[in-house]
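S.K.: Next up is a structure, given as structure tokens.
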Amino acid sequence: MKIDGVPYRSIWLDEDGWSVRIIDQTRLPWSLSILRLSSAAEMAEAIRTMRVRGAPLIGAAAAYGLCLALHDDPSTEAMERDAAMLAGTRPTAVNLRWALDRMLTRLRNTRPEHRLAAAYAEAAAIADEDVAQNEAIGRHGVELIRARQKPGRPVNVLTHCNAGWIATVDWGTALAPIYSAHNEGIDVHVWVDETRPRNQGASLTAWELGSHGVAHTVIADNAGGHLMQHGKVDLVIVGTDRVTRGGDVANKIGTYLKALAAHDNAVPFWVALPSTTIDWTITDGIAEIPIEERPATEVTLMTGQTETGAIATIQVTPPGSGAANPAFDVTPARLVTGLITERGRCDASPEGLLKLFPERA
Ligand code: MRU
């Protein structure tokens, strides 16, 4: 996608050919800050503090983190140690574990002197495949938007958190069908949930859509149900951090409440994902998906730009009030209209998923 007319991916190799460049997402939308990372520890810090975030992107970032580890020390011991460090950064998005497993499978079978080149080739393949998968999600998802066009009014899509191009290597998952619709001239408007506590909707999704010229309106997280009751939402599309083989969906905290409101108002609720987000080892999302608990300060403090242009952090709770911060929730498959994957759309059910991915039977 483009920023001010310049094409970007969310992660790329520096011109030195080995260090890694990322967009620091903690600085958006106020400034476009590009960081150069040169060690696995720096990459782990970037994932943990959410300079890079979004399930597919943290998978690609972990893969490049392992390249940086091998650049330092190609020994098996260092490789296994740093892979474990990277795997421990965030627990919910399964793409992180998937990417590291894929890297280790390739590298454990490669002699140490050939490992570095093999690692960079594998990480590049992971990144390129993510772009192709998301572009395909856009093609399969745009049909849903196209089908809801009515003369004289936009198709209103509600989304939660940020599942756009900066949450992946490019294109995004939930936003890919929206970009495809916009690119083919469909009148589309997006309701953007602000997504407390970290405001990925207000700060990242709004920035992305604005940069691409897509009409959008930021709403408080609690407004979606009201808009649905009044016919102002044609469909919901969200991303996900882990889908079970039964079709349960973990995504940013608050997604479940949107699914309940959508169900009550007969609004279609679609989830967009590359197959790297499916955890084929589990069935029951509520019982089996680990939910990340993040620092309470993400709830008690808010960061924004003041009138003078300075970035400031303020406290929004009384001193002494505790805060809890579960970062994800699970939407049961029964509340999901369907899944949009790179192979097409399917029911959120074991049968639906196996129809698209028969090799997993
Ligand atoms: O905590 P985050 O910002 O990494 O959470 C991101 C989300 O919940 C996204 O919806 C999900 O990763 C899908 S990204 C294409």
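For the structure tokens, the naming scheme is as follows: chains receive sequential letters (A, B, ...) according to their order of presentation, residues are indexed from 1 within each chain, and ligands are indexed from 1 in presentation order.
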Might you pull out every residue within 10 Å of A:Thr341, with only C-alpha atoms counted and same-chain residues fewer than 6 positions away left off, and present them as a ChimeraX atom specification?

M.R.: /A:133-134,136-141,173,271-277,353,356

S.K.: Kindly work out which residues sit at most 7 Å from ligand 1, using only C-alpha atoms and all ligand atoms, and give the list as number ranges by chain.

M.R.: A: 50, 53-56, 93, 160-164, 167-168, 172-174, 200, 238-241, 251-252, 327-328

S.K.: Here is a test: counting only C-alpha atoms, which residue of A:Leu104, A:Ile166, A:Ala220, A:Arg111 is nearest to A:Ile22?

M.R.: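 That would be A:Ile166, the residue with the smallest distance to A:Ile22.
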
S.K.: Applying 7 Å and only C-alpha atoms, which residues near A:Met103 remain after dropping the ones on its own chain fewer than 5 positions away? List them as a ChimeraX atom specification.

M.R.: /A:63,119,122

S.K.: Print the selection's residues with N, CA and C atoms to a file, as a PDB file, in the first residue's frame.

M.R.:
```pdb
ATOM      1  N   ALA A  63      10.061 -14.360  12.053  1.00  0.00           N
ATOM      2  CA  ALA A  63      10.919 -15.054  11.076  1.00  0.00           C
ATOM      3  C   ALA A  63      12.172 -14.216  10.811  1.00  0.00           C
ATOM      4  N   ALA A 119      17.806 -19.008   6.083  1.00  0.00           N
ATOM      5  CA  ALA A 119      16.866 -18.276   6.951  1.00  0.00           C
ATOM      6  C   ALA A 119      16.299 -17.061   6.227  1.00  0.00           C
ATOM      7  N   GLU A 122      13.803 -18.156   3.624  1.00  0.00           N
ATOM      8  CA  GLU A 122      12.529 -18.627   4.193  1.00  0.00           C
ATOM      9  C   GLU A 122      11.702 -17.451   4.718  1.00  0.00           C
TER      10      GLU A 122
END
```

S.K.: Pick out each residue of stretch 86-271 of chain A that DSSP on the backbone tags as alpha helix (DSSP H); I need them as a PyMOL selection string.

M.R.: chain A and resi 86-87+94-108+112-146+176-183+200+206-212+224-229+255-264

S.K.: Would you mind listing what lies within 10 Å of A:Gly213 as a PyMOL selection string, with only C-alpha atoms counted and same-chain residues fewer than 3 positions away left out?

M.R.: chain A and resi 179+182-183+207-210+216

S.K.: List the spatial neighbours of A:Ala69 as a PDB file with N, CA and C atoms, in the first residue's frame - criterion: any atom at most 9 Å away, only C-alpha atoms, same-chain residues fewer than 4 positions off excluded.

M.R.:
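Once written, result.pdb looks like this:
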```
ATOM      1  N   SER A  38      18.591  -4.709  14.406  1.00  0.00           N
ATOM      2  CA  SER A  38      19.780  -5.467  14.015  1.00  0.00           C
ATOM      3  C   SER A  38      20.073  -6.654  14.940  1.00  0.00           C
ATOM      4  N   SER A  39      19.125  -6.989  15.827  1.00  0.00           N
ATOM      5  CA  SER A  39      19.337  -8.195  16.647  1.00  0.00           C
ATOM      6  C   SER A  39      17.987  -8.830  16.962  1.00  0.00           C
ATOM      7  N   ALA A  40      18.046 -10.110  17.344  1.00  0.00           N
ATOM      8  CA  ALA A  40      16.815 -10.813  17.713  1.00  0.00           C
ATOM      9  C   ALA A  40      16.186 -10.164  18.942  1.00  0.00           C
ATOM     10  N   ALA A  41      17.021  -9.666  19.849  1.00  0.00           N
ATOM     11  CA  ALA A  41      16.493  -9.020  21.061  1.00  0.00           C
ATOM     12  C   ALA A  41      15.721  -7.749  20.688  1.00  0.00           C
ATOM     13  N   TYR A  64      12.001 -12.917  10.603  1.00  0.00           N
ATOM     14  CA  TYR A  64      13.167 -12.049  10.393  1.00  0.00           C
ATOM     15  C   TYR A  64      13.995 -11.926  11.675  1.00  0.00           C
ATOM     16  N   GLY A  65      13.335 -12.012  12.832  1.00  0.00           N
ATOM     17  CA  GLY A  65      14.073 -11.992  14.103  1.00  0.00           C
ATOM     18  C   GLY A  65      15.044 -13.156  14.181  1.00  0.00           C
ATOM     19  N   ASP A  73      24.975 -15.305  15.424  1.00  0.00           N
ATOM     20  CA  ASP A  73      25.555 -16.571  15.872  1.00  0.00           C
ATOM     21  C   ASP A  73      24.787 -17.721  15.211  1.00  0.00           C
ATOM     22  N   PRO A  74      25.386 -18.410  14.232  1.00  0.00           N
ATOM     23  CA  PRO A  74      24.655 -19.458  13.503  1.00  0.00           C
ATOM     24  C   PRO A  74      24.592 -20.811  14.234  1.00  0.00           C
ATOM     25  N   ALA A  78      22.264 -21.159  19.877  1.00  0.00           N
ATOM     26  CA  ALA A  78      21.779 -19.768  19.818  1.00  0.00           C
ATOM     27  C   ALA A  78      20.453 -19.695  19.053  1.00  0.00           C
ATOM     28  N   MET A  79      20.359 -20.485  17.981  1.00  0.00           N
ATOM     29  CA  MET A  79      19.129 -20.475  17.174  1.00  0.00           C
ATOM     30  C   MET A  79      17.921 -20.911  18.015  1.00  0.00           C
ATOM     31  N   ASP A  82      17.097 -18.222  20.805  1.00  0.00           N
ATOM     32  CA  ASP A  82      16.440 -17.008  20.328  1.00  0.00           C
ATOM     33  C   ASP A  82      15.056 -17.292  19.740  1.00  0.00           C
ATOM     34  N   ALA A  83      14.872 -18.476  19.180  1.00  0.00           N
ATOM     35  CA  ALA A  83      13.525 -18.841  18.706  1.00  0.00           C
ATOM     36  C   ALA A  83      12.570 -18.898  19.893  1.00  0.00           C
TER      37      ALA A  83
END
```

S.K.: Kindly provide the residues of stretch 46-98 of chain A that approach stretch 294-311 of chain A to within 10 Å, each paired with its closest atom pair and their distance in Å to one decimal, based on only C-alpha atoms, listed by chain and increasing number, as a tab-separated table.

M.R.:
```
residue	atom	partner	partner_atom	distance
A:Arg48	CA	A:Arg294	CA	9.9
A:Thr49	CA	A:Arg294	CA	10.0
A:Arg90	CA	A:Arg294	CA	9.7
```

S.K.: Let me see the file: selected residues, all heavy atoms, as an mmCIF file, in the first residue's frame.

M.R.:
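Saved as selection_5.cif:
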```cif
data_model
loop_
_atom_site.group_PDB
_atom_site.id
_atom_site.type_symbol
_atom_site.label_atom_id
_atom_site.label_comp_id
_atom_site.auth_asym_id
_atom_site.auth_seq_id
_atom_site.Cartn_x
_atom_site.Cartn_y
_atom_site.Cartn_z
ATOM 1 N N ARG A 48 6.954 -7.319 21.430
ATOM 2 C CA ARG A 48 6.348 -7.255 22.768
ATOM 3 C C ARG A 48 5.689 -5.904 23.018
ATOM 4 O O ARG A 48 4.596 -5.818 23.569
ATOM 5 C CB ARG A 48 7.421 -7.547 23.828
ATOM 6 C CG ARG A 48 6.846 -7.862 25.180
ATOM 7 C CD ARG A 48 7.908 -8.220 26.214
ATOM 8 N NE ARG A 48 8.618 -9.454 25.925
ATOM 9 C CZ ARG A 48 9.901 -9.535 25.543
ATOM 10 N NH1 ARG A 48 10.631 -8.440 25.431
ATOM 11 N NH2 ARG A 48 10.460 -10.692 25.295
ATOM 12 N N THR A 49 6.349 -4.840 22.595
ATOM 13 C CA THR A 49 5.819 -3.491 22.860
ATOM 14 C C THR A 49 4.879 -3.015 21.744
ATOM 15 O O THR A 49 4.419 -1.880 21.767
ATOM 16 C CB THR A 49 6.965 -2.473 23.013
ATOM 17 O OG1 THR A 49 7.720 -2.463 21.791
ATOM 18 C CG2 THR A 49 7.893 -2.834 24.171
ATOM 19 N N ARG A 90 4.444 -12.841 22.472
ATOM 20 C CA ARG A 90 2.988 -12.638 22.532
ATOM 21 C C ARG A 90 2.308 -14.004 22.375
ATOM 22 O O ARG A 90 2.655 -14.763 21.474
ATOM 23 C CB ARG A 90 2.499 -11.663 21.439
ATOM 24 C CG ARG A 90 3.068 -10.250 21.632
ATOM 25 C CD ARG A 90 2.327 -9.216 20.832
ATOM 26 N NE ARG A 90 1.010 -8.962 21.380
ATOM 27 C CZ ARG A 90 0.060 -8.253 20.743
ATOM 28 N NH1 ARG A 90 0.292 -7.772 19.539
ATOM 29 N NH2 ARG A 90 -1.119 -8.036 21.306
#
```

S.K.: Taking 2 positions as the minimum chain separation for residues in the same chain, which residues sit within 8 Å of stretch 334-340 of chain A when counting only C-alpha atoms? Answer as a list in words.

M.R.: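 Final neighbour list, sorted by chain and number: Ile137, His140, Gly141, Ala259, Leu260, His263, Pro268, Phe269, Trp270, Val271, Ala272, Leu273, Thr331, Pro332, Glu342, Gly344, Arg345, Cys346, Asp347 and Ala348 of chain A.
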
S.K.: Quick check for you: according to DSSP on this backbone, which residues of stretch 7-97 of chain A are classed as strand (DSSP E)? Reply as a ChimeraX atom specification.

M.R.: /A:7,11-13,20-23,34-37

S.K.: Would you list the contacts of stretch 113-116 of chain A as a list of chain:residue names, taking every protein, DNA or RNA residue within 9 Å and counting only C-alpha atoms, but skipping same-chain residues closer than 4 positions in sequence?

M.R.: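 Once the adjacent positions are removed, what remains is A:Cys67, A:Leu68, A:Leu70, A:His71, A:Pro74, A:Arg106, A:Leu107, A:Arg108, A:Tyr120, A:Ala121.
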
S.K.: Convert the current residue selection to file output with N, CA, C and O atoms, as a PDB file, in the first residue's frame.

M.R.:
```pdb
ATOM      1  N   CYS A  67      16.404 -14.608  11.617  1.00  0.00           N
ATOM      2  CA  CYS A  67      17.513 -14.276  10.698  1.00  0.00           C
ATOM      3  C   CYS A  67      18.548 -13.432  11.431  1.00  0.00           C
ATOM      4  O   CYS A  67      19.771 -13.665  11.313  1.00  0.00           O
ATOM      5  N   LEU A  68      18.070 -12.449  12.194  1.00  0.00           N
ATOM      6  CA  LEU A  68      19.003 -11.578  12.927  1.00  0.00           C
ATOM      7  C   LEU A  68      19.779 -12.382  13.975  1.00  0.00           C
ATOM      8  O   LEU A  68      20.973 -12.153  14.196  1.00  0.00           O
ATOM      9  N   LEU A  70      20.644 -15.523  13.716  1.00  0.00           N
ATOM     10  CA  LEU A  70      21.666 -16.315  13.018  1.00  0.00           C
ATOM     11  C   LEU A  70      22.774 -15.433  12.464  1.00  0.00           C
ATOM     12  O   LEU A  70      23.916 -15.886  12.319  1.00  0.00           O
ATOM     13  N   HIS A  71      22.446 -14.191  12.154  1.00  0.00           N
ATOM     14  CA  HIS A  71      23.474 -13.250  11.698  1.00  0.00           C
ATOM     15  C   HIS A  71      24.512 -13.037  12.798  1.00  0.00           C
ATOM     16  O   HIS A  71      25.716 -12.907  12.547  1.00  0.00           O
ATOM     17  N   PRO A  74      25.386 -18.410  14.232  1.00  0.00           N
ATOM     18  CA  PRO A  74      24.655 -19.458  13.503  1.00  0.00           C
ATOM     19  C   PRO A  74      24.592 -20.811  14.234  1.00  0.00           C
ATOM     20  O   PRO A  74      24.121 -21.794  13.660  1.00  0.00           O
ATOM     21  N   ARG A 106      12.948 -25.814   8.637  1.00  0.00           N
ATOM     22  CA  ARG A 106      13.901 -25.641   7.526  1.00  0.00           C
ATOM     23  C   ARG A 106      15.342 -25.604   8.054  1.00  0.00           C
ATOM     24  O   ARG A 106      16.241 -26.242   7.509  1.00  0.00           O
ATOM     25  N   LEU A 107      15.558 -24.865   9.160  1.00  0.00           N
ATOM     26  CA  LEU A 107      16.935 -24.589   9.589  1.00  0.00           C
ATOM     27  C   LEU A 107      17.574 -25.756  10.336  1.00  0.00           C
ATOM     28  O   LEU A 107      18.782 -25.962  10.261  1.00  0.00           O
ATOM     29  N   ARG A 108      16.740 -26.525  11.050  1.00  0.00           N
ATOM     30  CA  ARG A 108      17.303 -27.682  11.764  1.00  0.00           C
ATOM     31  C   ARG A 108      17.856 -28.709  10.775  1.00  0.00           C
ATOM     32  O   ARG A 108      18.727 -29.497  11.119  1.00  0.00           O
ATOM     33  N   TYR A 120      17.165 -16.279   5.578  1.00  0.00           N
ATOM     34  CA  TYR A 120      16.660 -15.096   4.879  1.00  0.00           C
ATOM     35  C   TYR A 120      15.724 -15.487   3.731  1.00  0.00           C
ATOM     36  O   TYR A 120      14.722 -14.807   3.480  1.00  0.00           O
ATOM     37  N   ALA A 121      16.045 -16.594   3.055  1.00  0.00           N
ATOM     38  CA  ALA A 121      15.172 -17.037   1.951  1.00  0.00           C
ATOM     39  C   ALA A 121      13.805 -17.456   2.489  1.00  0.00           C
ATOM     40  O   ALA A 121      12.758 -17.128   1.910  1.00  0.00           O
TER      41      ALA A 121
END
```

S.K.: Select, from A:Gln149, A:Gln229, A:Thr159, A:Thr89, the residue with the minimum atom-to-atom distance to A:Thr217, counting only C-alpha atoms.

M.R.: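 Among A:Gln149, A:Gln229, A:Thr159, A:Thr89, it is A:Thr159 that comes nearest to A:Thr217.
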
S.K.: Counting only C-alpha atoms, figure out which residue out of A:Ile178, A:Val52, A:Ala84, A:Val330 gets nearest to A:Val243.

M.R.: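 Checking each of A:Ile178, A:Val52, A:Ala84, A:Val330 against A:Val243, counting only C-alpha atoms, the winner is A:Val330.
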